[in-house]
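Content type mmCIF, C-alpha atoms, from the file input-v8.cif:
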```
data_model
loop_
_atom_site.group_PDB
_atom_site.id
_atom_site.type_symbol
_atom_site.label_atom_id
_atom_site.label_comp_id
_atom_site.auth_asym_id
_atom_site.auth_seq_id
_atom_site.Cartn_x
_atom_site.Cartn_y
_atom_site.Cartn_z
ATOM 1 C CA MET B 1 -34.765 -112.088 6.459
ATOM 2 C CA PRO B 2 -31.397 -113.281 5.113
ATOM 3 C CA PHE B 3 -28.319 -113.208 7.351
ATOM 4 C CA LYS B 4 -24.634 -112.706 6.632
ATOM 5 C CA THR B 5 -22.988 -115.118 9.044
ATOM 6 C CA ASP B 6 -22.529 -116.026 12.669
ATOM 7 C CA GLU B 7 -18.831 -116.774 12.272
ATOM 8 C CA PRO B 8 -16.191 -114.563 13.923
ATOM 9 C CA PHE B 9 -15.075 -111.301 12.298
ATOM 10 C CA GLN B 10 -11.876 -112.597 10.700
ATOM 11 C CA SER B 11 -13.701 -115.279 8.715
ATOM 12 C CA VAL B 12 -16.254 -112.761 7.419
ATOM 13 C CA LEU B 13 -13.600 -110.503 5.947
ATOM 14 C CA GLY B 14 -11.157 -111.350 3.191
ATOM 15 C CA GLY B 15 -7.402 -110.847 3.514
ATOM 16 C CA SER B 16 -5.717 -107.488 3.304
ATOM 17 C CA GLY B 17 -4.723 -108.053 -0.332
ATOM 18 C CA GLY B 18 -2.274 -105.435 -1.568
ATOM 19 C CA ASP B 19 -2.725 -103.212 1.484
ATOM 20 C CA PRO B 20 0.472 -103.563 3.556
ATOM 21 C CA ALA B 21 -0.902 -101.544 6.461
ATOM 22 C CA GLY B 22 -3.969 -103.784 6.630
ATOM 23 C CA LEU B 23 -6.305 -100.785 6.805
ATOM 24 C CA GLN B 24 -8.454 -101.904 3.909
ATOM 25 C CA ARG B 25 -10.353 -105.183 4.028
ATOM 26 C CA LYS B 26 -12.785 -106.793 1.618
ATOM 27 C CA GLU B 27 -16.307 -107.887 2.360
ATOM 28 C CA LYS B 28 -18.211 -110.293 0.170
ATOM 29 C CA MET B 29 -21.556 -108.803 -0.779
ATOM 30 C CA ALA B 30 -24.752 -110.742 -1.379
ATOM 31 C CA THR B 31 -24.186 -110.484 -5.137
ATOM 32 C CA GLY B 32 -20.956 -112.466 -4.855
ATOM 33 C CA THR B 33 -18.846 -109.410 -5.667
ATOM 34 C CA TRP B 34 -16.264 -107.938 -3.307
ATOM 35 C CA ARG B 35 -16.372 -104.416 -1.970
ATOM 36 C CA ARG B 36 -13.614 -102.618 -0.111
ATOM 37 C CA PHE B 37 -14.258 -100.726 3.089
ATOM 38 C CA ASN B 38 -12.236 -99.070 5.788
ATOM 39 C CA GLU B 39 -11.587 -101.332 8.758
ATOM 40 C CA CYS B 40 -12.156 -98.374 11.087
ATOM 41 C CA VAL B 41 -15.905 -98.588 10.495
ATOM 42 C CA ALA B 42 -16.082 -102.381 10.591
ATOM 43 C CA VAL B 43 -18.273 -103.884 13.285
ATOM 44 C CA ARG B 44 -17.041 -107.094 14.848
ATOM 45 C CA LEU B 45 -19.548 -109.699 13.774
ATOM 46 C CA TYR B 46 -19.919 -112.423 16.390
ATOM 47 C CA ARG B 47 -23.658 -112.805 15.979
ATOM 48 C CA LYS B 48 -26.059 -112.865 13.088
ATOM 49 C CA VAL B 49 -26.596 -109.492 11.429
ATOM 50 C CA PRO B 50 -29.502 -108.834 9.047
ATOM 51 C CA VAL B 51 -28.665 -107.908 5.465
ATOM 52 C CA TYR B 52 -30.749 -105.036 4.129
ATOM 53 C CA TRP B 53 -31.089 -105.224 0.367
ATOM 54 C CA GLU B 54 -31.274 -102.260 -1.972
ATOM 55 C CA GLN B 55 -34.896 -101.474 -2.543
ATOM 56 C CA LYS B 56 -36.657 -100.490 -5.712
ATOM 57 C CA GLU B 57 -38.779 -97.383 -6.095
ATOM 58 C CA GLY B 58 -42.146 -97.826 -4.415
ATOM 59 C CA GLU B 59 -41.100 -100.691 -2.132
ATOM 60 C CA ASN B 60 -41.214 -100.336 1.623
ATOM 61 C CA ARG B 61 -37.950 -98.803 2.772
ATOM 62 C CA MET B 62 -36.401 -98.568 6.182
ATOM 63 C CA GLU B 63 -37.507 -95.442 7.998
ATOM 64 C CA TYR B 64 -34.738 -93.497 9.735
ATOM 65 C CA VAL B 65 -35.460 -90.744 12.238
ATOM 66 C CA ILE B 66 -32.723 -88.422 13.457
ATOM 67 C CA ILE B 67 -33.580 -86.502 16.612
ATOM 68 C CA GLY B 68 -31.515 -83.327 16.593
ATOM 69 C CA ALA B 69 -30.478 -81.731 13.312
ATOM 70 C CA GLY B 70 -27.390 -79.837 14.472
ATOM 71 C CA GLY B 71 -23.769 -80.525 13.586
ATOM 72 C CA THR B 72 -23.961 -84.297 14.018
ATOM 73 C CA GLY B 73 -27.583 -85.101 13.176
ATOM 74 C CA GLY B 74 -27.734 -82.596 10.336
ATOM 75 C CA ILE B 75 -24.731 -83.978 8.475
ATOM 76 C CA LEU B 76 -25.863 -87.586 8.998
ATOM 77 C CA GLY B 77 -29.346 -86.719 7.759
ATOM 78 C CA ALA B 78 -28.075 -84.818 4.736
ATOM 79 C CA TYR B 79 -25.749 -87.551 3.519
ATOM 80 C CA MET B 80 -28.230 -90.350 4.262
ATOM 81 C CA THR B 81 -30.905 -88.439 2.313
ATOM 82 C CA LYS B 82 -28.455 -87.890 -0.528
ATOM 83 C CA ALA B 83 -27.768 -91.652 -0.516
ATOM 84 C CA GLY B 84 -31.478 -92.315 -1.063
ATOM 85 C CA LYS B 85 -32.420 -93.353 2.474
ATOM 86 C CA ASN B 86 -35.849 -92.518 3.896
ATOM 87 C CA VAL B 87 -34.804 -90.030 6.600
ATOM 88 C CA THR B 88 -36.799 -87.613 8.733
ATOM 89 C CA LEU B 89 -34.943 -85.006 10.756
ATOM 90 C CA ILE B 90 -36.558 -83.905 14.014
ATOM 91 C CA ALA B 91 -35.811 -80.239 14.655
ATOM 92 C CA ARG B 92 -37.502 -77.390 16.451
ATOM 93 C CA GLY B 93 -37.755 -73.638 16.252
ATOM 94 C CA GLU B 94 -36.262 -71.442 13.578
ATOM 95 C CA HIS B 95 -33.674 -74.045 12.618
ATOM 96 C CA GLY B 96 -36.372 -76.572 11.715
ATOM 97 C CA LYS B 97 -38.424 -73.946 9.894
ATOM 98 C CA ALA B 98 -35.418 -72.824 7.830
ATOM 99 C CA MET B 99 -34.585 -76.411 6.801
ATOM 100 C CA LYS B 100 -38.203 -77.011 5.757
ATOM 101 C CA GLU B 101 -38.166 -73.911 3.570
ATOM 102 C CA LYS B 102 -34.615 -73.907 2.209
ATOM 103 C CA GLY B 103 -33.164 -77.386 2.750
ATOM 104 C CA LEU B 104 -29.945 -78.165 4.599
ATOM 105 C CA THR B 105 -26.759 -76.509 3.345
ATOM 106 C CA ILE B 106 -23.418 -78.229 3.847
ATOM 107 C CA GLU B 107 -20.212 -76.269 3.441
ATOM 108 C CA LYS B 108 -17.156 -78.391 2.737
ATOM 109 C CA MET B 109 -14.259 -76.720 4.506
ATOM 110 C CA TRP B 110 -11.576 -78.433 2.405
ATOM 111 C CA ASN B 111 -12.701 -76.811 -0.856
ATOM 112 C CA GLN B 112 -15.182 -74.117 0.277
ATOM 113 C CA THR B 113 -18.030 -75.557 -1.814
ATOM 114 C CA LYS B 114 -21.614 -75.488 -0.599
ATOM 115 C CA GLU B 115 -24.373 -77.945 -1.326
ATOM 116 C CA THR B 116 -28.028 -77.593 -0.347
ATOM 117 C CA ILE B 117 -29.933 -80.817 0.129
ATOM 118 C CA PRO B 118 -33.731 -80.885 0.492
ATOM 119 C CA VAL B 119 -34.527 -82.890 3.625
ATOM 120 C CA LYS B 120 -37.682 -84.071 5.392
ATOM 121 C CA VAL B 121 -38.026 -82.133 8.632
ATOM 122 C CA CYS B 122 -40.675 -82.020 11.332
ATOM 123 C CA THR B 123 -41.047 -81.496 15.062
ATOM 124 C CA MET B 124 -41.555 -84.310 17.553
ATOM 125 C CA GLU B 125 -45.210 -83.340 17.738
ATOM 126 C CA GLU B 126 -45.674 -83.444 13.955
ATOM 127 C CA TYR B 127 -44.029 -86.837 13.390
ATOM 128 C CA SER B 128 -46.632 -89.595 13.078
ATOM 129 C CA GLY B 129 -44.672 -92.518 11.627
ATOM 130 C CA LYS B 130 -42.937 -95.543 13.095
ATOM 131 C CA ALA B 131 -39.163 -95.667 12.678
ATOM 132 C CA ASP B 132 -36.932 -98.655 12.008
ATOM 133 C CA VAL B 133 -33.853 -96.793 13.260
ATOM 134 C CA ILE B 134 -33.740 -93.757 15.551
ATOM 135 C CA LEU B 135 -30.491 -91.807 15.849
ATOM 136 C CA VAL B 136 -30.421 -89.604 18.956
ATOM 137 C CA CYS B 137 -28.145 -86.616 18.236
ATOM 138 C CA VAL B 138 -29.187 -84.075 20.867
ATOM 139 C CA LYS B 139 -27.185 -82.362 23.591
ATOM 140 C CA GLY B 140 -26.992 -84.266 26.877
ATOM 141 C CA TYR B 141 -29.302 -81.833 28.659
ATOM 142 C CA SER B 142 -32.054 -82.548 26.090
ATOM 143 C CA LEU B 143 -31.837 -86.338 26.300
ATOM 144 C CA GLU B 144 -34.727 -86.679 28.762
ATOM 145 C CA GLU B 145 -37.070 -84.802 26.377
ATOM 146 C CA THR B 146 -36.537 -87.439 23.677
ATOM 147 C CA ILE B 147 -37.817 -90.401 25.721
ATOM 148 C CA PRO B 148 -41.598 -89.875 25.253
ATOM 149 C CA PHE B 149 -41.013 -89.286 21.541
ATOM 150 C CA ILE B 150 -38.901 -92.442 21.147
ATOM 151 C CA LYS B 151 -41.600 -94.494 22.911
ATOM 152 C CA ARG B 152 -44.208 -93.142 20.488
ATOM 153 C CA ALA B 153 -42.070 -93.385 17.312
ATOM 154 C CA ALA B 154 -40.576 -96.831 17.965
ATOM 155 C CA LYS B 155 -42.005 -100.188 17.062
ATOM 156 C CA LYS B 156 -41.040 -103.623 18.358
ATOM 157 C CA GLU B 157 -38.063 -103.980 15.958
ATOM 158 C CA THR B 158 -36.746 -100.401 16.204
ATOM 159 C CA VAL B 159 -33.068 -99.851 16.975
ATOM 160 C CA VAL B 160 -32.137 -96.676 18.879
ATOM 161 C CA ILE B 161 -28.562 -95.413 18.495
ATOM 162 C CA PRO B 162 -27.486 -92.556 20.777
ATOM 163 C CA ILE B 163 -24.766 -90.384 19.224
ATOM 164 C CA LEU B 164 -23.867 -87.884 21.938
ATOM 165 C CA ASN B 165 -20.597 -86.453 23.112
ATOM 166 C CA ILE B 166 -20.992 -87.729 26.680
ATOM 167 C CA TYR B 167 -20.463 -91.106 28.276
ATOM 168 C CA GLY B 168 -23.320 -93.338 29.446
ATOM 169 C CA THR B 169 -26.220 -92.124 27.329
ATOM 170 C CA GLY B 170 -26.928 -95.608 25.999
ATOM 171 C CA GLY B 171 -27.274 -96.955 29.534
ATOM 172 C CA GLN B 172 -29.548 -94.076 30.534
ATOM 173 C CA LEU B 173 -31.844 -94.703 27.585
ATOM 174 C CA GLN B 174 -31.762 -98.489 28.121
ATOM 175 C CA GLU B 175 -33.105 -97.996 31.675
ATOM 176 C CA LYS B 176 -35.936 -95.745 30.508
ATOM 177 C CA LEU B 177 -36.744 -97.715 27.332
ATOM 178 C CA PRO B 178 -36.530 -101.371 28.465
ATOM 179 C CA ASP B 179 -38.758 -102.706 25.664
ATOM 180 C CA ILE B 180 -36.717 -101.088 22.859
ATOM 181 C CA LEU B 181 -33.282 -102.121 21.582
ATOM 182 C CA VAL B 182 -30.959 -99.227 22.522
ATOM 183 C CA THR B 183 -27.286 -99.547 21.654
ATOM 184 C CA ASP B 184 -24.577 -98.360 24.019
ATOM 185 C CA GLY B 185 -24.010 -95.402 21.743
ATOM 186 C CA CYS B 186 -20.938 -93.717 20.440
#
```

As structure tokens, how would this structure be written, given the file I've shared?
Amino acid sequence: MPFKTDEPFQSVLGGSGGDPAGLQRKEKMATGTWRRFNECVAVRLYRKVPVYWEQKEGENRMEYVIIGAGGTGGILGAYMTKAGKNVTLIARGEHGKAMKEKGLTIEKMWNQTKETIPVKVCTMEEYSGKADVILVCVKGYSLEETIPFIKRAAKKETVVIPILNIYGTGGQLQEKLPDILVTDGC
């Protein structure tokens, strides 16, 4: 698999160009072209990071699983699906059933428009694949329930990213999933 670089962050990114505040930086893409991105989402690159190439129809694609399809997981799943990513949302009960039947509707508060996006949805029991990336977007009190599912759905190279509104969830999952790469979370 190709790699971007193992040089420090500042040498990966271009200068700030015409941006006096320095909020926009440029990143050289694999094609040799430059793309702008917001520094707020930049990850400090001090180690090698794999580059995932755009894939053509029919090729193997990365499999994303989002556990919890509420406010955080739902919006991530909807926009990732819209971007062409292979995403499965894990949801239960009436919420999961409604998304299977009707899709996921996003209401944009700034202009009051609604958009319904068809998404792949199943329960933990129904999911039979192996994920490349698992996003954990459940409430803190449901975190423990996700562990057996993550063990079953993960493979050796899977990355688990907890996205919960409480501190320490990454550490909790790292203790219970020692053979799986779990990030500290956000």

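Between B:Ala154 and the candidates B:Ser142, B:Thr72, B:Thr169, B:Ser128, the tightest atom-to-atom separation, counting all atoms listed in the file, involves B:Ser128.
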
Given the PyMOL selection byres ((chain B and resi 132-135) around 12), the residues it picks as a VMD selection string: chain B and resid 52 60 to 69 72 to 74 76 to 77 80 85 to 90 129 to 131 136 to 138 143 146 to 147 149 to 164 170 180 to 183 185 to 186

Written as an MDAnalysis selection string, which residues does the PyMOL selection byres ((chain B and resi 116) around 7) give for the file shown? chainID B and resid 103:106 114:115 117:118

Name the closest residue to B:Ala91 among the candidates B:Asp184, B:Asn111, B:Glu126, B:Glu144; distances are taken between atoms, counting all atoms listed in the file.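 Ranked by minimum distance to B:Ala91, first place goes to B:Glu126.
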
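What separates atom CA of B:Tyr127 from atom CA of B:Pro178 is a distance of 22.2 Å.
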
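With only C-alpha atoms as the basis for measurement, B:Val119 is the residue among B:Ala83, B:Gly168, B:Val119, B:Gly70 that approaches B:Met99 most closely.
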